[in-house]
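Enquirer: What follows is the file run_13.pdb, containing PDB, C-alpha atoms:
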ATOM      1  CA  MET E   1      -9.325 -21.533  25.570
ATOM      2  CA  GLU E   2      -6.605 -19.893  27.605
ATOM      3  CA  PHE E   3      -4.548 -19.213  24.487
ATOM      4  CA  ALA E   4      -7.520 -17.589  22.725
ATOM      5  CA  GLN E   5      -8.085 -15.346  25.761
ATOM      6  CA  ASN E   6      -4.428 -14.279  25.634
ATOM      7  CA  ILE E   7      -4.776 -13.305  21.976
ATOM      8  CA  TRP E   8      -7.946 -11.293  22.573
ATOM      9  CA  GLN E   9      -6.429  -9.547  25.613
ATOM     10  CA  THR E  10      -3.450  -8.594  23.468
ATOM     11  CA  LEU E  11      -5.766  -7.211  20.786
ATOM     12  CA  VAL E  12      -7.626  -5.157  23.413
ATOM     13  CA  ARG E  13      -4.263  -3.740  24.611
ATOM     14  CA  ALA E  14      -3.298  -2.953  21.007
ATOM     15  CA  LYS E  15      -6.476  -0.952  20.509
ATOM     16  CA  ALA E  16      -5.816   1.086  23.663
ATOM     17  CA  ASP E  17      -2.066   1.608  23.136
ATOM     18  CA  LYS E  18      -1.177   3.672  20.053
ATOM     19  CA  LYS E  19       2.407   2.362  20.214
ATOM     20  CA  HIS E  20       1.463  -1.322  20.341
ATOM     21  CA  PRO E  21       2.813  -3.187  17.279
ATOM     22  CA  TRP E  22      -0.608  -4.699  16.574
ATOM     23  CA  ARG E  23      -2.242  -1.260  16.404
ATOM     24  CA  VAL E  24      -1.489  -1.172  12.661
ATOM     25  CA  LEU E  25      -2.393  -4.386  10.875
ATOM     26  CA  THR E  26      -2.502  -5.714   7.335
ATOM     27  CA  LEU E  27      -5.909  -6.266   5.752
ATOM     28  CA  ALA E  28      -6.117  -8.651   2.800
ATOM     29  CA  THR E  29      -9.047  -8.602   0.407
ATOM     30  CA  GLN E  30      -9.562 -10.202  -2.996
ATOM     31  CA  SER E  31      -9.819  -8.278  -6.269
ATOM     32  CA  GLN E  32     -10.163  -9.520  -9.840
ATOM     33  CA  ALA E  33      -6.393  -9.027 -10.186
ATOM     34  CA  GLY E  34      -5.661 -11.118  -7.079
ATOM     35  CA  PRO E  35      -4.967 -10.445  -3.400
ATOM     36  CA  GLU E  36      -4.934  -6.811  -2.272
ATOM     37  CA  LEU E  37      -3.044  -5.886   0.910
ATOM     38  CA  ARG E  38      -2.967  -2.642   2.854
ATOM     39  CA  GLN E  39      -2.270  -1.351   6.357
ATOM     40  CA  VAL E  40      -5.220  -0.241   8.466
ATOM     41  CA  VAL E  41      -5.505   1.023  12.027
ATOM     42  CA  LEU E  42      -7.179  -1.055  14.730
ATOM     43  CA  ARG E  43     -10.115   1.020  16.027
ATOM     44  CA  GLY E  44     -12.122  -1.479  18.014
ATOM     45  CA  VAL E  45     -12.071  -4.936  19.574
ATOM     46  CA  ASN E  46     -15.206  -6.722  20.764
ATOM     47  CA  VAL E  47     -14.116  -9.957  22.422
ATOM     48  CA  ASP E  48     -17.643 -11.331  22.958
ATOM     49  CA  ALA E  49     -18.597 -10.773  19.301
ATOM     50  CA  ARG E  50     -15.131 -11.895  18.054
ATOM     51  CA  CYS E  51     -14.910  -8.628  16.095
ATOM     52  CA  ILE E  52     -12.091  -6.368  14.997
ATOM     53  CA  THR E  53     -13.092  -2.866  13.809
ATOM     54  CA  VAL E  54     -11.351  -0.445  11.446
ATOM     55  CA  TYR E  55     -12.408   2.780   9.727
ATOM     56  CA  THR E  56     -12.086   3.498   6.029
ATOM     57  CA  ASP E  57     -13.283   5.692   3.191
ATOM     58  CA  ALA E  58     -16.447   4.506   1.415
ATOM     59  CA  ARG E  59     -14.776   5.213  -1.930
ATOM     60  CA  SER E  60     -11.757   2.978  -1.303
ATOM     61  CA  GLN E  61     -11.318  -0.160  -3.415
ATOM     62  CA  LYS E  62     -11.527  -2.387  -0.343
ATOM     63  CA  ILE E  63     -15.231  -1.522  -0.004
ATOM     64  CA  ASN E  64     -15.991  -2.857  -3.509
ATOM     65  CA  GLN E  65     -13.807  -5.905  -2.930
ATOM     66  CA  ILE E  66     -15.554  -6.735   0.360
ATOM     67  CA  ALA E  67     -18.966  -6.333  -1.285
ATOM     68  CA  VAL E  68     -18.003  -9.045  -3.782
ATOM     69  CA  GLN E  69     -16.030 -11.240  -1.355
ATOM     70  CA  PRO E  70     -16.613 -10.504   2.360
ATOM     71  CA  ASN E  71     -14.103 -13.104   3.569
ATOM     72  CA  VAL E  72     -10.877 -11.301   4.467
ATOM     73  CA  GLY E  73      -7.549 -11.924   6.117
ATOM     74  CA  LEU E  74      -5.942  -9.853   8.877
ATOM     75  CA  LEU E  75      -2.250 -10.021   9.747
ATOM     76  CA  PHE E  76      -0.602  -8.712  12.917
ATOM     77  CA  TRP E  77       3.164  -8.725  13.560
ATOM     78  CA  ASP E  78       4.992  -7.975  16.812
ATOM     79  CA  ALA E  79       8.707  -7.755  15.957
ATOM     80  CA  ARG E  80       9.790  -7.436  19.594
ATOM     81  CA  HIS E  81       8.130 -10.702  20.617
ATOM     82  CA  HIS E  82       8.496 -12.375  17.192
ATOM     83  CA  TRP E  83       4.753 -13.021  17.186
ATOM     84  CA  GLN E  84       2.675 -13.330  14.027
ATOM     85  CA  LEU E  85      -1.101 -13.565  14.228
ATOM     86  CA  ARG E  86      -3.233 -14.333  11.187
ATOM     87  CA  LEU E  87      -7.019 -14.020  11.348
ATOM     88  CA  TRP E  88      -9.722 -15.143   8.941
ATOM     89  CA  ALA E  89     -12.908 -13.137   9.202
ATOM     90  CA  HIS E  90     -16.170 -12.115   7.602
ATOM     91  CA  ALA E  91     -16.383  -8.380   6.886
ATOM     92  CA  ARG E  92     -19.414  -6.141   7.140
ATOM     93  CA  ALA E  93     -19.974  -2.407   7.200
ATOM     94  CA  GLU E  94     -21.743  -0.878  10.211
ATOM     95  CA  SER E  95     -25.338  -0.297   9.096
ATOM     96  CA  ASP E  96     -26.606   1.425  12.250
ATOM     97  CA  LEU E  97     -26.470   5.133  11.407
ATOM     98  CA  ALA E  98     -26.602   6.192  15.066
ATOM     99  CA  LYS E  99     -23.589   4.010  15.937
ATOM    100  CA  ARG E 100     -21.688   5.299  12.915
ATOM    101  CA  ALA E 101     -22.528   8.906  13.821
ATOM    102  CA  ALA E 102     -21.336   8.369  17.405
ATOM    103  CA  LEU E 103     -18.005   6.981  16.163
ATOM    104  CA  TRP E 104     -17.660   9.881  13.721
ATOM    105  CA  ALA E 105     -18.292  12.367  16.535
ATOM    106  CA  ALA E 106     -15.358  10.858  18.450
ATOM    107  CA  ILE E 107     -12.888  11.422  15.604
ATOM    108  CA  PRO E 108     -10.721  14.503  16.217
ATOM    109  CA  GLU E 109     -11.306  17.384  13.816
ATOM    110  CA  HIS E 110      -7.793  17.134  12.334
ATOM    111  CA  ALA E 111      -8.342  13.448  11.438
ATOM    112  CA  ARG E 112     -11.662  14.064   9.685
ATOM    113  CA  LYS E 113      -9.860  15.570   6.714
ATOM    114  CA  ASP E 114      -8.811  12.048   5.713
ATOM    115  CA  TYR E 115     -12.414  11.509   4.577
ATOM    116  CA  ALA E 116     -12.893  14.971   3.052
ATOM    117  CA  THR E 117     -10.973  14.708  -0.215
ATOM    118  CA  LEU E 118     -13.036  15.343  -3.324
ATOM    119  CA  SER E 119     -11.249  12.475  -5.067
ATOM    120  CA  ALA E 120     -11.332   8.862  -3.968
ATOM    121  CA  PRO E 121      -8.356   7.195  -2.276
ATOM    122  CA  GLY E 122      -6.020   5.889  -4.977
ATOM    123  CA  ASP E 123      -7.092   8.431  -7.615
ATOM    124  CA  VAL E 124      -4.352  10.275  -9.482
ATOM    125  CA  LEU E 125      -3.204  13.315  -7.531
ATOM    126  CA  ALA E 126      -3.734  16.735  -9.118
ATOM    127  CA  PRO E 127      -0.658  18.454 -10.605
ATOM    128  CA  SER E 128      -0.711  20.819  -7.620
ATOM    129  CA  GLY E 129       0.377  17.889  -5.463
ATOM    130  CA  SER E 130      -2.536  18.161  -3.068
ATOM    131  CA  ALA E 131      -6.080  16.864  -3.024
ATOM    132  CA  ALA E 132      -8.941  19.325  -2.728
ATOM    133  CA  ILE E 133     -11.114  18.800   0.325
ATOM    134  CA  ASN E 134     -14.671  19.547   1.365
ATOM    135  CA  MET E 135     -15.258  19.068   5.085
ATOM    136  CA  ALA E 136     -19.038  19.235   4.563
ATOM    137  CA  THR E 137     -18.981  15.878   2.746
ATOM    138  CA  ALA E 138     -16.419  14.099   4.926
ATOM    139  CA  GLU E 139     -18.872  12.205   7.131
ATOM    140  CA  GLN E 140     -20.655  10.636   4.152
ATOM    141  CA  HIS E 141     -17.361   8.939   3.172
ATOM    142  CA  PHE E 142     -16.757   7.499   6.662
ATOM    143  CA  VAL E 143     -17.274   3.727   6.913
ATOM    144  CA  VAL E 144     -16.883   1.471   9.930
ATOM    145  CA  LEU E 145     -15.838  -2.070   9.005
ATOM    146  CA  HIS E 146     -16.305  -4.971  11.400
ATOM    147  CA  PHE E 147     -14.467  -8.241  10.901
ATOM    148  CA  GLN E 148     -16.001 -11.213  12.707
ATOM    149  CA  VAL E 149     -13.173 -13.672  13.297
ATOM    150  CA  HIS E 150     -13.748 -17.396  12.793
ATOM    151  CA  ARG E 151     -10.164 -18.697  12.586
ATOM    152  CA  MET E 152      -6.809 -17.665  14.049
ATOM    153  CA  ASP E 153      -3.261 -18.906  13.479
ATOM    154  CA  SER E 154      -0.640 -17.809  15.992
ATOM    155  CA  LEU E 155       3.079 -18.296  15.383
ATOM    156  CA  VAL E 156       5.721 -17.301  17.935
ATOM    157  CA  LEU E 157       9.318 -17.595  16.760
ATOM    158  CA  LYS E 158      11.752 -18.661  19.501
ATOM    159  CA  ARG E 159      15.341 -19.908  19.420
ATOM    160  CA  GLU E 160      14.441 -22.812  21.658
ATOM    161  CA  GLY E 161      11.608 -23.789  19.323
ATOM    162  CA  HIS E 162       8.844 -22.033  17.454
ATOM    163  CA  GLN E 163       5.277 -22.393  18.715
ATOM    164  CA  ARG E 164       2.225 -22.444  16.489
ATOM    165  CA  MET E 165      -1.436 -22.781  17.371
ATOM    166  CA  ALA E 166      -4.598 -22.840  15.239
ATOM    167  CA  LEU E 167      -7.842 -21.658  16.796
ATOM    168  CA  ASP E 168     -11.180 -22.323  15.136
ATOM    169  CA  TRP E 169     -14.541 -21.003  16.323
ATOM    170  CA  GLN E 170     -16.815 -23.959  17.072
ATOM    171  CA  GLN E 171     -20.369 -22.752  17.884
ATOM    172  CA  ASP E 172     -19.585 -21.225  21.292
ATOM    173  CA  HIS E 173     -15.866 -21.704  21.948
ATOM    174  CA  TRP E 174     -12.422 -21.647  20.404
ATOM    175  CA  GLN E 175     -11.058 -25.057  19.444
ATOM    176  CA  GLU E 176      -7.273 -24.903  19.877
ATOM    177  CA  THR E 177      -4.978 -27.172  17.889
ATOM    178  CA  ALA E 178      -1.192 -27.205  18.241
ATOM    179  CA  LEU E 179       0.529 -27.170  14.837
ATOM    180  CA  VAL E 180       3.982 -27.873  13.523
ATOM    181  CA  PRO E 181       5.567 -24.438  13.062
TER     182      PRO E 181
END
Translate this file's structure into structure tokens.

Expert:
Amino acid sequence: MEFAQNIWQTLVRAKADKKHPWRVLTLATQSQAGPELRQVVLRGVNVDARCITVYTDARSQKINQIAVQPNVGLLFWDARHHWQLRLWAHARAESDLAKRAALWAAIPEHARKDYATLSAPGDVLAPSGSAAINMATAEQHFVVLHFQVHRMDSLVLKREGHQRMALDWQQDHWQETALVP
């Protein structure tokens, strides 16, 4: 249990500290072509609910992939401490419109343009080299994704010996199992 608490405390620090190495993580989803990986920004951590939160565009491919297969992987890497954390989680979009609106209201004006493009993320860019935007439609493209974690695998690389621990959610607690690195 103590190890799980350490991981969650580190995730809480990463959410608060924009320079923390776990602030930007890798999200893995599954497409028909195979695994899809991309970097996302950690926007929320709810320890009691075992949830990690990120924001994305409703038109991004990850939304379709999660609709088909909501089980995802999350990968965090801290190069300074040689610490890798892998999480397995179930993804869901925030359905409460009031909660989503409150999160949208907290986004700085300059960052809202990321959701205002007329084209979807990944579409071919216009010959002009820039994507047209419409700020009036930006909020409708804003999606809050929650990932409820059910398994963790922590690996710390050390000269004196690597350390690896698996953590599985068992009804009301984390079951910790030491693993061969």

Enquirer: Got a sec: who's within 8 Å of E:Leu42, counting only C-alpha atoms, leaving out chain neighbours fewer than 2 positions off, as JSON, numbers by chain?

Expert: {"E": [14, 15, 22, 23, 24, 25, 40, 44, 45, 52, 53, 54]}

Enquirer: Go ahead and write the selection's residues with C-alpha atoms as an mmCIF file, keeping the file's coordinate frame.

Expert:
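The file below, again.cif, is the result:
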data_model
loop_
_atom_site.group_PDB
_atom_site.id
_atom_site.type_symbol
_atom_site.label_atom_id
_atom_site.label_comp_id
_atom_site.auth_asym_id
_atom_site.auth_seq_id
_atom_site.Cartn_x
_atom_site.Cartn_y
_atom_site.Cartn_z
ATOM 1 C CA ALA E 14 -3.298 -2.953 21.007
ATOM 2 C CA LYS E 15 -6.476 -0.952 20.509
ATOM 3 C CA TRP E 22 -0.608 -4.699 16.574
ATOM 4 C CA ARG E 23 -2.242 -1.260 16.404
ATOM 5 C CA VAL E 24 -1.489 -1.172 12.661
ATOM 6 C CA LEU E 25 -2.393 -4.386 10.875
ATOM 7 C CA VAL E 40 -5.220 -0.241 8.466
ATOM 8 C CA GLY E 44 -12.122 -1.479 18.014
ATOM 9 C CA VAL E 45 -12.071 -4.936 19.574
ATOM 10 C CA ILE E 52 -12.091 -6.368 14.997
ATOM 11 C CA THR E 53 -13.092 -2.866 13.809
ATOM 12 C CA VAL E 54 -11.351 -0.445 11.446
#

Enquirer: Quick one: pull the distance between atom CA of E:Val180 and atom CA of E:Trp77, Å, one decimal.

Expert: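 Going from atom CA of E:Val180 over to atom CA of E:Trp77, I get 19.2 Å.
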
Enquirer: To one decimal place in Å, what is the distance between atom CA of E:Ala49 and atom CA of E:Ala91?

Expert: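 Separation of atom CA of E:Ala49 and atom CA of E:Ala91: 12.8 Å.
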
Enquirer: Per residue of stretch 8-73 of chain E within 12 Å of stretch 161-178 of chain E, what are the shortest atom pair and its distance in Å to one decimal, counting only C-alpha atoms, with rows by chain and residue number, as a Markdown table?

Expert:
| residue | atom | partner | partner_atom | distance |
| --- | --- | --- | --- | --- |
| E:Trp8 | CA | E:Trp174 | CA | 11.5 |
| E:Val47 | CA | E:His173 | CA | 11.9 |
| E:Asp48 | CA | E:Asp172 | CA | 10.2 |
| E:Ala49 | CA | E:Asp172 | CA | 10.7 |
| E:Arg50 | CA | E:Trp169 | CA | 9.3 |

Enquirer: Output C-alpha atoms of each residue in that selection to a file, as a short mmCIF file (atom, residue, chain, number, x, y, z; two decimals), in the frame of the given file.

Expert:
data_model
loop_
_atom_site.label_atom_id
_atom_site.label_comp_id
_atom_site.auth_asym_id
_atom_site.auth_seq_id
_atom_site.Cartn_x
_atom_site.Cartn_y
_atom_site.Cartn_z
CA TRP E 8 -7.95 -11.29 22.57
CA VAL E 47 -14.12 -9.96 22.42
CA ASP E 48 -17.64 -11.33 22.96
CA ALA E 49 -18.60 -10.77 19.30
CA ARG E 50 -15.13 -11.90 18.05
#

Enquirer: Would you kindly return, as a list in words, each protein, DNA or RNA residue with an atom no farther than 12 Å from any atom of E:Ala138, considering only C-alpha atoms and excluding same-chain residues fewer than 2 positions away?

Expert: Thr56, Asp57, Ala58, Arg59, Ala101, Trp104, Ala105, Ile107, Glu109, His110, Ala111, Arg112, Lys113, Asp114, Tyr115, Ala116, Thr117, Leu118, Ser119, Ala120, Ala132, Ile133, Asn134, Met135, Ala136, Gln140, His141, Phe142 and Val143 of chain E

Enquirer: Would you export the selected residues with C-alpha atoms as a compact mmCIF listing (two decimals), in the frame of the given file, please?

Expert:
# COMPACT_ATOMS: atom_id res chain seq x y z
CA THR E 56 -12.09 3.50 6.03
CA ASP E 57 -13.28 5.69 3.19
CA ALA E 58 -16.45 4.51 1.42
CA ARG E 59 -14.78 5.21 -1.93
CA ALA E 101 -22.53 8.91 13.82
CA TRP E 104 -17.66 9.88 13.72
CA ALA E 105 -18.29 12.37 16.54
CA ILE E 107 -12.89 11.42 15.60
CA GLU E 109 -11.31 17.38 13.82
CA HIS E 110 -7.79 17.13 12.33
CA ALA E 111 -8.34 13.45 11.44
CA ARG E 112 -11.66 14.06 9.68
CA LYS E 113 -9.86 15.57 6.71
CA ASP E 114 -8.81 12.05 5.71
CA TYR E 115 -12.41 11.51 4.58
CA ALA E 116 -12.89 14.97 3.05
CA THR E 117 -10.97 14.71 -0.22
CA LEU E 118 -13.04 15.34 -3.32
CA SER E 119 -11.25 12.48 -5.07
CA ALA E 120 -11.33 8.86 -3.97
CA ALA E 132 -8.94 19.32 -2.73
CA ILE E 133 -11.11 18.80 0.32
CA ASN E 134 -14.67 19.55 1.36
CA MET E 135 -15.26 19.07 5.08
CA ALA E 136 -19.04 19.24 4.56
CA GLN E 140 -20.66 10.64 4.15
CA HIS E 141 -17.36 8.94 3.17
CA PHE E 142 -16.76 7.50 6.66
CA VAL E 143 -17.27 3.73 6.91

Enquirer: Per residue of stretch 56-82 of chain E within 9 Å of stretch 28-35 of chain E, note the shortest atom pair and the distance in Å to one decimal, counting only C-alpha atoms, and order the rows by chain and increasing residue number, as a tab-separated table.

Expert:
residue	atom	partner	partner_atom	distance
E:Gln61	CA	E:Ser31	CA	8.7
E:Lys62	CA	E:Thr29	CA	6.7
E:Asn64	CA	E:Ser31	CA	8.7
E:Gln65	CA	E:Ser31	CA	5.7
E:Ile66	CA	E:Thr29	CA	6.8
E:Val68	CA	E:Gln30	CA	8.6
E:Gln69	CA	E:Gln30	CA	6.8
E:Pro70	CA	E:Thr29	CA	8.0
E:Asn71	CA	E:Thr29	CA	7.5
E:Val72	CA	E:Thr29	CA	5.2
E:Gly73	CA	E:Ala28	CA	4.9
E:Leu74	CA	E:Ala28	CA	6.2
E:Leu75	CA	E:Ala28	CA	8.1

Enquirer: Can you measure atom CA of E:Arg13 to atom CA of E:Pro121 for me? One decimal in Å is fine.

Expert: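 Answer for the atom CA of E:Arg13 to atom CA of E:Pro121 separation: 29.3 Å.
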
Enquirer: Might you spell out which residues the PyMOL selection byres ((chain E and resi 89) around 6) would select in the displayed file, as a ChimeraX atom specification?

Expert: /E:71-72,88,90,147-150

Enquirer: Which centre and edge lengths in Å to one decimal define the box along x, y and z that fits every listed atom of stretch 35-45 of chain E plus 8 Å per side, as lines of an AutoDock Vina configuration file?

Expert:
center_x = -7.2
center_y = -4.7
center_z = 8.1
size_x = 25.9
size_y = 27.5
size_z = 39.0

Enquirer: When you count only C-alpha atoms, which of these residues is closest to E:Gln9: E:Ala67, E:Pro181, E:Asn46, E:Glu139?

Expert: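 Once distances to E:Gln9 are computed over only C-alpha atoms, the minimum belongs to E:Asn46.
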
Enquirer: Can you list, as number ranges by chain, every protein, DNA or RNA residue that comes within 12 Å of E:Ala79 when you count only C-alpha atoms, leaving out same-chain residues fewer than 3 positions away?

Expert: E: 20-22, 76, 82-85, 155-158
